Amino acid sequence: MDKRNRSEMVFEKLKEVIPGGVNSPGRAFRGLLTPPIIAKRGEGALLYDEEEESYIDYCSSWGSLIHGHAHPVIVESATKQLQAGSSFGMTTAIEEKLARKIRDRIPSIDKIRFVSSGTEATMSAIRLARGFTGRDGIIKFKGHYHGHSDYLLVQAGSFVLDVNQTATSKGIPQDFIRHTYVLPFNHTEAVRAFLREKGKQIACIILEPIAGNMGVIPTSHEFMAMLREETEKNGTLLIFDEVITGFRVSFRGAQSLYPEKPDLTCFGKIIGGGFPAAAFGGREDIMNHLAPNGEVYQAGTLSGNPVAMEAGYAALSLTEADHFYEELERKTDLLTLPIIQYIKDNNLNACLNRQGSMMTLFFGNKKVESFDDIQSLDGPAFQKFFKFLVDKKILISPAQQEASFISMAHSDEQLVYTREVILEFLNLWKEDALNQEMACCAEMMS
Ligand SMILES: Cc1ncc(COP(=O)(O)O)c(C=O)c1O
C-alpha cells in the first residue's frame, strides 16, 4: 500500500464518525485533485502528515502561525501554564498582560475582551454594536467572511462560496438575516448611496480591512474613507475584522495602513499563538456596555484561557523583535516579486495579490479588486496548480479564494524552492494555454 493510500484510509475512517471527515469544511479538499492532508505534527515551516511526509506549509493554520509550527518559546510558555493548570473559570493575571500588549500596539483599542474563536469575536462585537446604538441593521460586504454566526453567513467568502454564493447556509431563518444588508465591496458610490438612505438604521458596518477570504483583496483607500465619513455622520459603528490581518500585515495590524480608525476591532488566529483565543475591543464608552458593567451580555467558560493567553503573549512578544515585520516582508518579497514579474512579462491571465505576508495567486483574471473579479476565476487551473505543489511537497491554503501565509520560520531556501516550483508551473500553464490557442486557430482555419 503506498503512502497516499494510507492517508486516504485514515480519512475514510474519519468519515465514519465525523461528517465529511472534518471539523471544518475547508479541510476536506473538496473539488481538488488531491486527497486531504492528514496532519500529524509540525516543526518550523514544515507540516508532517500521518506518513511523516513533510510539506512546506503556507496554510500556517489559516494564518495563525506567524512563527511556524511548535516555536520553542511558545511551547515553553504554554507548557509551563499547562503544568500549573489549564483552566480555572476564574480571572488570571495573564489576561491583563495580553490585553495591555494588544492595547499598546493598537491605538484604537481602549478595552478588550477575550473569547475563544473569531466567530465569537465578530458575533459579540455585533451584539455590542446593536446594544450600544439601539439599532438592528448591520452591513457586511460580499465575499467577506466573519465566521459562522447566523446573521453573518450571508454571501460570505471562504468555503461558504462552495455551499451557496448568493444566499446563506441552510438552517438560518430568514428572520435572522433580514437585518443584514450585504453590499458590494470597494464600490464606493453604491455603498455611499445606500448609507445616505438607510444609514440611520444601521448599527454597524463590519469588514475585513484586507479581505482574505475571497483571496487577498485590500480595501481601496477611497472606499475606506467613504465608510468612515458616512458612519460618523450616521452614528454607525465601524468594525474591522482583523482576525487574519491583526499582527499579520504589520506591527499594528491592517488599521495602521489606513488613516481611518475603527470603533471596534476583532482579533483571532495570531493572538492565540496556535491555541483557541480571539478578542474584540475598541472605544471604552462602547466596551463599557458589556456585562457586568452594562446590559450587553457576553460570556465564555474558556474565554481568556490561561494556556492560550500565555501562548498568545509569547507569540506577540516574538513579533516585537527588531525588524520582525521588515524581515517577514523581505521573505515574502523573495517568494513573490519574481512571480509577479513573470506574470507581467508573459502577459499571463493571472495575478498575485499580496499584502504583508498574506498572498493569493489568482488564475483567470489579470486584476482582482472586488468580489465581481473572482467570479471569472479559472478553477481547473487552480486545481492543477494545487496538485502540482502538493506533489512537490508544498502546501498552500486549499482554495483559490483563500490567502496563504509566509511565516518567520520559512527559510530563504524553502522560499526560493517554492518560488521556482511556482514559476515552473506557470511556465507549463503558459505553454498549455498557447497550445490550446494554436489548436483553436488550426481548427478555425481548417
Ligand atoms: C476574517 C475572519 N473573521 C472571522 C473568522 C472566524 O474565525 P474562527 O474560525 O476562529 O471562528 C475567520 C476565520 O477564518 C476569518 O478569516
# chains A, B, ... in the order shown; residues from 1 in each chain; ligands from 1
>>> residues_around(residues="Asp150 of chain A", least_positions_apart="3", cutoff="12 Å", atoms="only C-alpha atoms", output="number ranges by chain")
A: 119-120, 122-123, 126, 145-147, 153-156, 167-180
>>> closest_atom_pairs(of="segment 179-296 of chain A", to="segment 304-322 of chain A", cutoff="9 Å", atoms="only C-alpha atoms", output="CSV")
residue,atom,partner,partner_atom,distance
A:Phe247,CA,A:Leu316,CA,7.8
A:Phe251,CA,A:Thr319,CA,7.6
A:Ile270,CA,A:Gly312,CA,7.0
A:Ile271,CA,A:Gly312,CA,4.7
A:Gly272,CA,A:Gly312,CA,4.1
A:Gly273,CA,A:Gly312,CA,4.3
A:Gly274,CA,A:Ala311,CA,7.4
A:Phe275,CA,A:Ala308,CA,5.1
A:Pro276,CA,A:Ala308,CA,6.3
A:Ala277,CA,A:Ala308,CA,5.9
A:Ala278,CA,A:Gly304,CA,8.5
A:Ala279,CA,A:Gly304,CA,8.8
>>> closest_atom_pairs(of="segment 299-391 of chain A", to="segment 414-438 of chain A", cutoff="9 Å", atoms="only C-alpha atoms", output="CSV")
residue,atom,partner,partner_atom,distance
A:Lys331,CA,A:Leu415,CA,7.3
A:Thr332,CA,A:Leu415,CA,8.2
A:Leu334,CA,A:Leu415,CA,6.9
A:Leu335,CA,A:Arg419,CA,5.3
A:Thr336,CA,A:Arg419,CA,7.2
A:Pro338,CA,A:Arg419,CA,7.8
A:Ile339,CA,A:Leu423,CA,6.5
A:Tyr342,CA,A:Leu423,CA,7.7
A:Ile343,CA,A:Leu426,CA,8.1
A:Asn346,CA,A:Lys430,CA,8.2
A:Leu348,CA,A:Lys430,CA,7.1
A:Ala381,CA,A:Trp429,CA,7.9
A:Lys384,CA,A:Phe425,CA,8.9
A:Phe385,CA,A:Phe425,CA,6.9
A:Phe388,CA,A:Phe425,CA,7.3
A:Leu389,CA,A:Val421,CA,7.2
>>> closest_atom_pairs(of="chain A", to="ligand 1", cutoff="8 Å", atoms="only C-alpha atoms and all ligand atoms", output="tab-separated table")
residue	atom	partner	partner_atom_place_in_ligand_line	distance
A:Trp62	CA	ligand 1	14 (O)	6.7
A:Ser116	CA	ligand 1	10 (O)	7.4
A:Ser117	CA	ligand 1	10 (O)	3.9
A:Gly118	CA	ligand 1	7 (O)	3.2
A:Thr119	CA	ligand 1	11 (O)	3.6
A:Glu120	CA	ligand 1	11 (O)	6.5
A:Ala121	CA	ligand 1	4 (C)	7.6
A:Thr122	CA	ligand 1	4 (C)	6.6
A:His144	CA	ligand 1	1 (C)	7.3
A:Tyr145	CA	ligand 1	2 (C)	5.5
A:His146	CA	ligand 1	3 (N)	3.7
A:Gly147	CA	ligand 1	6 (C)	3.6
A:His148	CA	ligand 1	11 (O)	6.9
A:Ser158	CA	ligand 1	14 (O)	7.7
A:Glu208	CA	ligand 1	1 (C)	5.7
A:Ala211	CA	ligand 1	1 (C)	7.2
A:Gly212	CA	ligand 1	16 (O)	6.5
A:Asn213	CA	ligand 1	16 (O)	6.0
A:Asp241	CA	ligand 1	1 (C)	5.5
A:Glu242	CA	ligand 1	1 (C)	6.0
A:Val243	CA	ligand 1	1 (C)	4.8
A:Ile244	CA	ligand 1	1 (C)	5.2
A:Thr245	CA	ligand 1	1 (C)	7.6
A:Cys266	CA	ligand 1	3 (N)	7.7
A:Phe267	CA	ligand 1	3 (N)	7.9
A:Gly268	CA	ligand 1	10 (O)	6.1
A:Lys269	CA	ligand 1	10 (O)	6.6
A:Pro276	CA	ligand 1	10 (O)	7.4
A:Ala277	CA	ligand 1	10 (O)	7.9
A:Ala278	CA	ligand 1	10 (O)	7.1
>>> select_by_dssp(residues="segment 47-284 of chain A", states="strand (DSSP E)", output="count of residues only")
46
>>> closest_residue(among="A:Pro262, A:Leu33, A:Ala442, A:Met226", to="Phe382 of chain A", atoms="only C-alpha atoms")
A:Leu33
>>> residues_around(residues="Met408 of chain A", least_positions_apart="3", cutoff="12 Å", atoms="only C-alpha atoms", output="MDAnalysis selection string")
chainID A and resid 44:45 57:58 60 63 65:69 71 248 315 318:319 321 323:332 357 405 411:412 414:415
>>> write_last_selection(atoms="N, CA and C atoms", output="compact mmCIF listing (two decimals), in the first residue's frame")
# COMPACT_ATOMS: atom_id res chain seq x y z
N GLY A 44 8.73 24.13 12.71
CA GLY A 44 9.11 25.29 11.90
C GLY A 44 8.14 25.48 10.75
N ALA A 45 8.68 25.55 9.53
CA ALA A 45 7.80 25.76 8.37
C ALA A 45 7.23 24.45 7.83
N ASP A 57 4.78 24.48 4.59
CA ASP A 57 3.39 24.83 4.89
C ASP A 57 3.15 26.34 4.78
N TYR A 58 2.30 26.72 3.83
CA TYR A 58 1.91 28.13 3.68
C TYR A 58 0.45 28.36 4.08
N SER A 60 -0.35 27.53 7.21
CA SER A 60 0.03 28.06 8.53
C SER A 60 -1.15 28.15 9.49
N GLY A 63 -3.24 31.04 8.85
CA GLY A 63 -2.69 32.36 9.22
C GLY A 63 -2.35 32.50 10.69
N LEU A 65 -0.13 30.85 12.48
CA LEU A 65 1.23 30.52 12.91
C LEU A 65 2.27 31.44 12.26
N ILE A 66 2.38 32.64 12.76
CA ILE A 66 3.32 33.58 12.16
C ILE A 66 4.77 33.21 12.50
N HIS A 67 4.95 32.33 13.47
CA HIS A 67 6.31 31.86 13.81
C HIS A 67 6.53 30.42 13.39
N GLY A 68 5.63 29.87 12.61
CA GLY A 68 5.74 28.48 12.20
C GLY A 68 5.22 27.55 13.28
N HIS A 69 5.46 26.25 13.06
CA HIS A 69 4.94 25.24 14.00
C HIS A 69 5.85 25.09 15.21
N HIS A 71 6.97 26.66 17.82
CA HIS A 71 8.10 27.53 18.18
C HIS A 71 8.47 27.28 19.64
N ARG A 248 -0.53 40.50 11.57
CA ARG A 248 -0.04 39.76 10.41
C ARG A 248 0.53 40.73 9.38
N ALA A 315 3.69 34.63 21.52
CA ALA A 315 3.70 34.85 20.06
C ALA A 315 3.81 36.34 19.74
N LEU A 318 7.26 37.72 20.50
CA LEU A 318 8.25 37.37 19.47
C LEU A 318 8.18 38.31 18.27
N THR A 319 7.00 38.83 18.00
CA THR A 319 6.88 39.75 16.84
C THR A 319 7.45 41.13 17.16
N ALA A 321 10.50 41.54 18.16
CA ALA A 321 11.94 41.52 17.89
C ALA A 321 12.27 42.60 16.86
N HIS A 323 13.07 44.59 13.76
CA HIS A 323 12.89 44.39 12.32
C HIS A 323 12.08 43.13 11.96
N PHE A 324 11.25 42.67 12.88
CA PHE A 324 10.49 41.43 12.62
C PHE A 324 9.66 41.56 11.33
N TYR A 325 8.87 42.63 11.25
CA TYR A 325 7.97 42.74 10.08
C TYR A 325 8.73 43.07 8.80
N GLU A 326 9.84 43.78 8.94
CA GLU A 326 10.67 44.06 7.75
C GLU A 326 11.22 42.74 7.20
N GLU A 327 11.63 41.87 8.12
CA GLU A 327 12.19 40.58 7.70
C GLU A 327 11.11 39.70 7.04
N LEU A 328 9.93 39.76 7.61
CA LEU A 328 8.82 38.99 7.03
C LEU A 328 8.49 39.51 5.62
N GLU A 329 8.56 40.81 5.49
CA GLU A 329 8.32 41.46 4.20
C GLU A 329 9.41 41.02 3.19
N ARG A 330 10.65 41.00 3.67
CA ARG A 330 11.75 40.59 2.78
C ARG A 330 11.55 39.15 2.33
N LYS A 331 11.16 38.29 3.24
CA LYS A 331 10.94 36.88 2.90
C LYS A 331 9.81 36.78 1.86
N THR A 332 8.76 37.56 2.08
CA THR A 332 7.62 37.50 1.15
C THR A 332 8.02 38.03 -0.22
N SER A 357 2.57 39.61 4.62
CA SER A 357 2.88 38.19 4.38
C SER A 357 1.65 37.36 4.03
N PHE A 405 0.10 32.06 3.64
CA PHE A 405 0.85 32.90 4.58
C PHE A 405 2.32 32.50 4.67
N SER A 411 12.53 29.39 5.64
CA SER A 411 13.92 29.77 5.34
C SER A 411 14.00 30.30 3.91
N ASP A 412 15.07 31.02 3.61
CA ASP A 412 15.25 31.52 2.25
C ASP A 412 15.26 30.36 1.25
N GLN A 414 13.74 27.48 1.45
CA GLN A 414 12.36 26.98 1.24
C GLN A 414 11.57 27.94 0.36
N LEU A 415 11.79 29.24 0.58
CA LEU A 415 11.05 30.23 -0.21
C LEU A 415 11.50 30.21 -1.67
>>> select_by_dssp(residues="segment 244-363 of chain A", states="alpha helix (DSSP H)", output="ChimeraX atom specification")
/A:284-287,306-318,324-345
>>> closest_residue(among="A:Asp104, A:Tyr258, A:Leu47, A:Val296", to="Thr133 of chain A", atoms="only C-alpha atoms")
A:Val296
>>> residues_around(residues="Ile340 of chain A", least_positions_apart="4", cutoff="9 Å", atoms="only C-alpha atoms", output="ChimeraX atom specification")
/A:336,344-345,351-353
>>> write_last_selection(atoms="all heavy atoms", output="CSV table (one decimal), in the first residue's frame")
chain,number,residue,atom,x,y,z
A,336,THR,N,7.6,36.3,-3.8
A,336,THR,CA,6.5,36.7,-4.7
A,336,THR,C,7.0,37.7,-5.8
A,336,THR,O,6.4,37.6,-6.9
A,336,THR,CB,5.4,37.5,-3.9
A,336,THR,OG1,6.1,38.6,-3.2
A,336,THR,CG2,4.7,36.6,-2.9
A,344,LYS,N,3.7,39.4,-15.4
A,344,LYS,CA,3.7,40.6,-16.1
A,344,LYS,C,4.4,40.4,-17.5
A,344,LYS,O,3.8,40.7,-18.6
A,344,LYS,CB,4.3,41.7,-15.3
A,344,LYS,CG,4.0,43.1,-15.8
A,344,LYS,CD,4.4,44.1,-14.7
A,344,LYS,CE,4.7,45.4,-15.5
A,344,LYS,NZ,5.8,46.1,-14.9
A,345,ASP,N,5.6,39.9,-17.4
A,345,ASP,CA,6.5,39.8,-18.6
A,345,ASP,C,5.8,38.9,-19.6
A,345,ASP,O,6.0,39.1,-20.8
A,345,ASP,CB,7.8,39.2,-18.2
A,345,ASP,CG,8.7,40.2,-17.5
A,345,ASP,OD1,8.3,41.4,-17.4
A,345,ASP,OD2,9.7,39.7,-16.9
A,351,CYS,N,-2.9,36.8,-11.6
A,351,CYS,CA,-2.3,37.9,-10.8
A,351,CYS,C,-2.0,37.4,-9.4
A,351,CYS,O,-2.6,36.5,-8.9
A,351,CYS,CB,-3.1,39.2,-10.8
A,351,CYS,SG,-4.7,38.9,-10.0
A,352,LEU,N,-1.0,38.0,-8.8
A,352,LEU,CA,-0.6,37.6,-7.5
A,352,LEU,C,-0.9,38.8,-6.6
A,352,LEU,O,-0.3,39.9,-6.8
A,352,LEU,CB,0.8,37.2,-7.3
A,352,LEU,CG,1.2,36.5,-6.0
A,352,LEU,CD1,2.3,35.5,-6.2
A,352,LEU,CD2,1.6,37.5,-4.9
A,353,ASN,N,-1.9,38.7,-5.7
A,353,ASN,CA,-2.2,39.8,-4.8
A,353,ASN,C,-1.5,39.5,-3.5
A,353,ASN,O,-1.5,38.3,-3.0
A,353,ASN,CB,-3.7,39.9,-4.5
A,353,ASN,CG,-4.5,40.6,-5.6
A,353,ASN,OD1,-3.9,40.8,-6.7
A,353,ASN,ND2,-5.8,40.9,-5.4
>>> residues_around(residues="Gly281 of chain A", least_positions_apart="3", cutoff="12 Å", atoms="only C-alpha atoms", output="PyMOL selection string")
chain A and resi 99-100+102-103+106-115+121-122+124-126+128-129+239-242+262-268+278+284-290
>>> residues_around(residues="Met224 of chain A", least_positions_apart="5", cutoff="9 Å", atoms="only C-alpha atoms", output="list in words")
Asn186, Thr188, Pro209, Thr219, Glu229, Tyr258, Pro259 and Glu260 of chain A
>>> write_last_selection(atoms="N, CA and C atoms", output="short mmCIF file (atom, residue, chain, number, x, y, z; two decimals), in the first residue's frame")
data_model
loop_
_atom_site.label_atom_id
_atom_site.label_comp_id
_atom_site.auth_asym_id
_atom_site.auth_seq_id
_atom_site.Cartn_x
_atom_site.Cartn_y
_atom_site.Cartn_z
N ASN A 186 -15.76 47.59 -2.11
CA ASN A 186 -14.94 48.50 -2.91
C ASN A 186 -15.74 49.24 -3.99
N THR A 188 -17.53 52.33 -4.06
CA THR A 188 -17.72 53.49 -3.19
C THR A 188 -19.08 54.17 -3.38
N PRO A 209 -10.51 44.59 6.70
CA PRO A 209 -9.84 45.73 6.04
C PRO A 209 -8.97 45.29 4.86
N THR A 219 -8.93 46.73 0.90
CA THR A 219 -9.93 47.78 0.76
C THR A 219 -9.26 48.98 0.10
N GLU A 229 -16.37 58.25 6.83
CA GLU A 229 -17.10 59.53 6.77
C GLU A 229 -18.61 59.30 6.98
N TYR A 258 -4.24 52.43 7.12
CA TYR A 258 -5.27 53.39 6.71
C TYR A 258 -5.34 54.50 7.74
N PRO A 259 -5.60 55.73 7.29
CA PRO A 259 -5.75 56.80 8.28
C PRO A 259 -7.02 56.65 9.12
N GLU A 260 -8.03 55.94 8.60
CA GLU A 260 -9.31 55.82 9.30
C GLU A 260 -9.20 54.78 10.41
#
>>> closest_residue(among="A:Glu402, A:Glu8, A:Asp333, A:Asp372", to="Gly26 of chain A", atoms="only C-alpha atoms")
A:Glu402
>>> atom_distance(atom1="atom CA of Ile37 of chain A", atom2="atom CA of Leu395 of chain A")
9.1 Å
>>> atom_distance(atom1="atom CA of Asn234 of chain A", atom2="atom CA of Lys200 of chain A")
5.3 Å
